[in-house]
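Structure file coords-v9.cif (mmCIF, C-alpha atoms) is printed below.
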data_input
#
loop_
_atom_site.group_PDB
_atom_site.id
_atom_site.type_symbol
_atom_site.label_atom_id
_atom_site.label_comp_id
_atom_site.auth_asym_id
_atom_site.auth_seq_id
_atom_site.Cartn_x
_atom_site.Cartn_y
_atom_site.Cartn_z
ATOM 1 C CA MET A 1 65.931 137.610 97.265
ATOM 2 C CA THR A 2 64.582 136.417 100.608
ATOM 3 C CA THR A 3 66.618 134.916 103.431
ATOM 4 C CA ASN A 4 65.209 133.243 106.530
ATOM 5 C CA CYS A 5 67.455 133.416 109.594
ATOM 6 C CA THR A 6 67.327 132.897 113.333
ATOM 7 C CA ALA A 7 70.936 133.676 114.078
ATOM 8 C CA VAL A 8 70.732 135.647 117.330
ATOM 9 C CA GLU A 9 70.726 132.525 119.532
ATOM 10 C CA SER A 10 73.716 130.943 117.805
ATOM 11 C CA ASN A 11 75.812 134.070 117.196
ATOM 12 C CA PRO A 12 78.387 134.378 120.007
ATOM 13 C CA SER A 13 79.495 137.848 118.870
ATOM 14 C CA VAL A 14 76.285 139.535 120.064
ATOM 15 C CA GLY A 15 76.903 138.719 123.731
ATOM 16 C CA ASN A 16 73.927 136.601 124.847
ATOM 17 C CA LYS A 17 74.710 135.660 128.450
ATOM 18 C CA ARG A 18 71.210 134.767 129.657
ATOM 19 C CA PRO A 19 69.588 131.370 129.146
ATOM 20 C CA ARG A 20 67.340 131.136 126.088
ATOM 21 C CA SER A 21 64.174 130.952 128.220
ATOM 22 C CA GLU A 22 64.889 134.380 129.787
ATOM 23 C CA ARG A 23 65.468 136.209 126.497
ATOM 24 C CA MET A 24 62.822 138.568 125.160
ATOM 25 C CA GLY A 25 63.004 137.682 121.472
ATOM 26 C CA VAL A 26 60.764 139.112 118.769
ATOM 27 C CA LYS A 27 60.674 137.871 115.158
ATOM 28 C CA VAL A 28 61.123 140.700 112.664
ATOM 29 C CA SER A 29 62.000 141.262 109.003
ATOM 30 C CA VAL A 30 64.666 143.575 107.618
ATOM 31 C CA LYS A 31 64.551 145.104 104.148
ATOM 32 C CA TRP A 32 67.876 146.223 102.692
ATOM 33 C CA GLY A 33 67.744 147.348 99.063
ATOM 34 C CA LYS A 34 66.410 144.378 97.102
ATOM 35 C CA GLU A 35 67.236 141.940 99.908
ATOM 36 C CA MET A 36 64.649 140.864 102.469
ATOM 37 C CA TYR A 37 65.759 139.050 105.626
ATOM 38 C CA LYS A 38 62.783 137.366 107.288
ATOM 39 C CA ASP A 39 62.310 135.732 110.686
ATOM 40 C CA LEU A 40 65.241 137.441 112.409
ATOM 41 C CA GLU A 41 64.997 137.271 116.171
ATOM 42 C CA VAL A 42 65.669 140.500 118.081
ATOM 43 C CA ASP A 43 66.408 140.402 121.800
ATOM 44 C CA THR A 44 64.984 143.653 123.168
ATOM 45 C CA GLN A 45 66.885 143.199 126.433
ATOM 46 C CA GLU A 46 70.165 143.582 124.521
ATOM 47 C CA GLN A 47 71.391 146.842 123.013
ATOM 48 C CA PRO A 48 70.428 147.570 119.395
ATOM 49 C CA LEU A 49 74.119 147.309 118.554
ATOM 50 C CA ALA A 50 73.826 143.523 119.055
ATOM 51 C CA PHE A 51 71.085 143.414 116.396
ATOM 52 C CA LYS A 52 73.186 145.616 114.108
ATOM 53 C CA SER A 53 76.052 143.139 114.513
ATOM 54 C CA LEU A 54 73.745 140.390 113.287
ATOM 55 C CA LEU A 55 72.779 142.532 110.303
ATOM 56 C CA PHE A 56 76.468 143.109 109.597
ATOM 57 C CA SER A 57 77.043 139.355 109.389
ATOM 58 C CA LEU A 58 74.139 139.013 106.942
ATOM 59 C CA SER A 59 74.553 142.089 104.745
ATOM 60 C CA GLY A 60 78.187 143.158 105.103
ATOM 61 C CA VAL A 61 77.195 146.707 106.130
ATOM 62 C CA PRO A 62 79.324 147.696 109.163
ATOM 63 C CA PRO A 63 77.298 148.869 112.213
ATOM 64 C CA GLU A 64 78.813 152.366 112.132
ATOM 65 C CA ARG A 65 77.525 152.838 108.556
ATOM 66 C CA GLN A 66 74.055 151.381 109.207
ATOM 67 C CA LYS A 67 70.912 153.494 109.348
ATOM 68 C CA LEU A 68 68.214 151.241 110.787
ATOM 69 C CA MET A 69 64.665 152.581 110.743
ATOM 70 C CA ILE A 70 61.318 151.323 111.962
ATOM 71 C CA LYS A 71 58.141 153.297 111.200
ATOM 72 C CA GLY A 72 60.170 156.434 110.425
ATOM 73 C CA ALA A 73 62.169 156.354 113.676
ATOM 74 C CA LEU A 74 65.934 155.917 113.588
ATOM 75 C CA VAL A 75 67.259 153.129 115.850
ATOM 76 C CA GLY A 76 70.263 154.167 117.950
ATOM 77 C CA ASP A 77 73.160 152.009 119.127
ATOM 78 C CA THR A 78 72.718 152.075 122.889
ATOM 79 C CA GLU A 79 69.056 151.541 123.783
ATOM 80 C CA TRP A 80 65.596 150.766 122.416
ATOM 81 C CA THR A 81 63.230 153.733 122.746
ATOM 82 C CA PRO A 82 59.430 153.329 122.904
ATOM 83 C CA LYS A 83 59.234 154.342 119.217
ATOM 84 C CA THR A 84 61.959 151.944 118.101
ATOM 85 C CA THR A 85 61.143 148.866 120.215
ATOM 86 C CA PRO A 86 60.097 146.211 117.696
ATOM 87 C CA LYS A 87 56.875 144.257 117.904
ATOM 88 C CA GLU A 88 56.281 140.750 116.542
ATOM 89 C CA GLY A 89 56.297 140.792 112.721
ATOM 90 C CA ALA A 90 57.649 144.358 112.419
ATOM 91 C CA THR A 91 59.723 145.338 109.386
ATOM 92 C CA PHE A 92 62.936 147.321 109.712
ATOM 93 C CA MET A 93 64.511 149.239 106.856
ATOM 94 C CA LEU A 94 68.297 149.075 106.662
ATOM 95 C CA MET A 95 70.237 151.702 104.733
ATOM 96 C CA GLY A 96 73.962 151.631 104.147
ATOM 97 C CA SER A 97 76.493 150.286 101.699
ATOM 98 C CA ALA A 98 78.475 147.142 102.290
ATOM 99 C CA GLU A 99 82.222 147.320 102.686
ATOM 100 C CA GLN A 100 84.126 146.930 99.491
ATOM 101 C CA LEU A 101 87.347 144.993 99.316
ATOM 102 C CA ALA A 102 90.421 147.099 98.676
ATOM 103 C CA VAL A 103 91.417 146.799 95.033
ATOM 104 C CA GLU A 104 95.145 146.517 94.496
ATOM 105 C CA PRO A 105 96.661 147.810 91.258
ATOM 106 C CA PRO A 106 98.298 145.135 89.113
ATOM 107 C CA LYS A 107 101.994 144.586 89.783
ATOM 108 C CA ASN A 108 103.033 144.386 86.124
ATOM 109 C CA LEU A 109 101.342 147.172 84.222
ATOM 110 C CA PRO A 110 101.072 146.635 80.447
ATOM 111 C CA LYS A 111 103.267 148.848 78.301
ATOM 112 C CA PHE A 112 101.638 150.436 75.296
ATOM 113 C CA LEU A 113 103.504 151.463 72.188
ATOM 114 C CA GLU A 114 102.177 155.012 72.467
ATOM 115 C CA ASP A 115 103.620 155.336 75.986
ATOM 116 C CA LEU A 116 107.179 154.516 74.917
ATOM 117 C CA PRO A 117 109.663 157.255 73.999
ATOM 118 C CA GLU A 118 109.976 158.121 70.277
ATOM 119 C CA ALA A 119 113.384 156.477 70.010
ATOM 120 C CA GLN A 120 112.027 153.114 71.190
ATOM 121 C CA GLN A 121 108.907 153.381 69.021
ATOM 122 C CA GLN A 122 111.056 153.573 65.884
ATOM 123 C CA HIS A 123 112.737 150.243 66.689
ATOM 124 C CA MET A 124 109.465 148.314 67.126
ATOM 125 C CA GLU A 125 108.470 145.952 64.330
ATOM 126 C CA THR A 126 104.807 146.990 64.508
ATOM 127 C CA ARG A 127 105.578 150.455 63.033
ATOM 128 C CA ALA A 128 106.179 148.873 59.634
ATOM 129 C CA TYR A 129 102.544 147.826 59.304
ATOM 130 C CA GLY A 130 100.903 151.191 60.037
ATOM 131 C CA ALA A 131 97.816 151.866 62.113
ATOM 132 C CA GLY A 132 94.296 150.872 61.069
ATOM 133 C CA LEU A 133 92.592 151.077 57.692
ATOM 134 C CA GLN A 134 93.198 153.669 55.034
ATOM 135 C CA ASN A 135 90.444 156.274 54.788
ATOM 136 C CA LEU A 136 88.602 155.693 51.504
ATOM 137 C CA GLY A 137 86.246 158.639 51.648
ATOM 138 C CA ASN A 138 83.086 158.362 53.737
ATOM 139 C CA THR A 139 84.233 155.174 55.526
ATOM 140 C CA CYS A 140 85.989 156.700 58.499
ATOM 141 C CA TYR A 141 83.634 154.846 60.868
ATOM 142 C CA MET A 142 85.414 151.626 59.821
ATOM 143 C CA ASN A 143 88.660 152.817 61.441
ATOM 144 C CA SER A 144 87.205 152.884 64.913
#
What does the file become when written as structure tokens?
Amino acid sequence: MTTNCTAVESNPSVGNKRPRSERMGVKVSVKWGKEMYKDLEVDTQEQPLAFKSLLFSLSGVPPERQKLMIKGALVGDTEWTPKTTPKEGATFMLMGSAEQLAVEPPKNLPKFLEDLPEAQQQHMETRAYGAGLQNLGNTCYMNS
């Protein structure tokens, strides 16, 4: 799946305080698993954490769990190094898993006949019918 975005200019969470004409933006692509985000604009005057915040909004991977690489070099959070400074058309590789929503257990758990005490199992009407098919020789696979 491919997504085209230019969200750095419009994203207030990344802290752009300079006018658009003064920004040093570079268009890059980011590959994350099977996803490919194309035409993302990176402001090299901002910290890499601002770019990671943009990637968080697109992929759901929190910045502290992101490993962002370009040409084998790992991008840090505080500054762009000469090896990690992106050039026009560069491709980043993002590694990390997206946050999963907390799964709550159901409030009313189902009660199974086998989980009830023996005394209560005897009073159930289902005991009169028995369990499954009768084994007629080499047909035990039919009981499952």
A:Glu104, A:Asp43, A:Glu88, A:Glu99 ranked by distance to Pro63 of chain A, top pick (using only C-alpha atoms):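 Counting only C-alpha atoms, the residue closest to Pro63 of chain A is A:Glu99.
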Which is closer to Trp80 of chain A than all the others in A:Glu114, A:Asp39, A:Glu46, A:Glu64, using only C-alpha atoms?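 Of all the options, A:Glu46 lies closest to Trp80 of chain A.
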How would you write, as a VMD selection string, the residues chosen by the PyMOL selection byres ((chain A and resi 52) around 12) on this structure? chain A and resid 8 13 to 14 30 40 to 43 46 to 51 53 to 69 75 to 78 92 to 96
Hey, can you check how far atom CA of Lys83 of chain A sits from atom CA of Ser97 of chain A?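 These atoms are spaced 24.9 Å apart.
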Go through the shown structure with the PyMOL selection byres ((chain A and resi 90) around 10) and write out the matching residues as a ChimeraX atom specification. /A:26-30,39,70-71,85-89,91-92
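Atom CA of Lys34 of chain A is positioned 20.1 Å from atom CA of Leu74 of chain A.
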Using Å and a single decimal, report how far atom CA of Gly25 of chain A sits from atom CA of Thr44 of chain A.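 Computing the Euclidean distance for atom CA of Thr44 of chain A and atom CA of Gly25 of chain A yields 6.5 Å.
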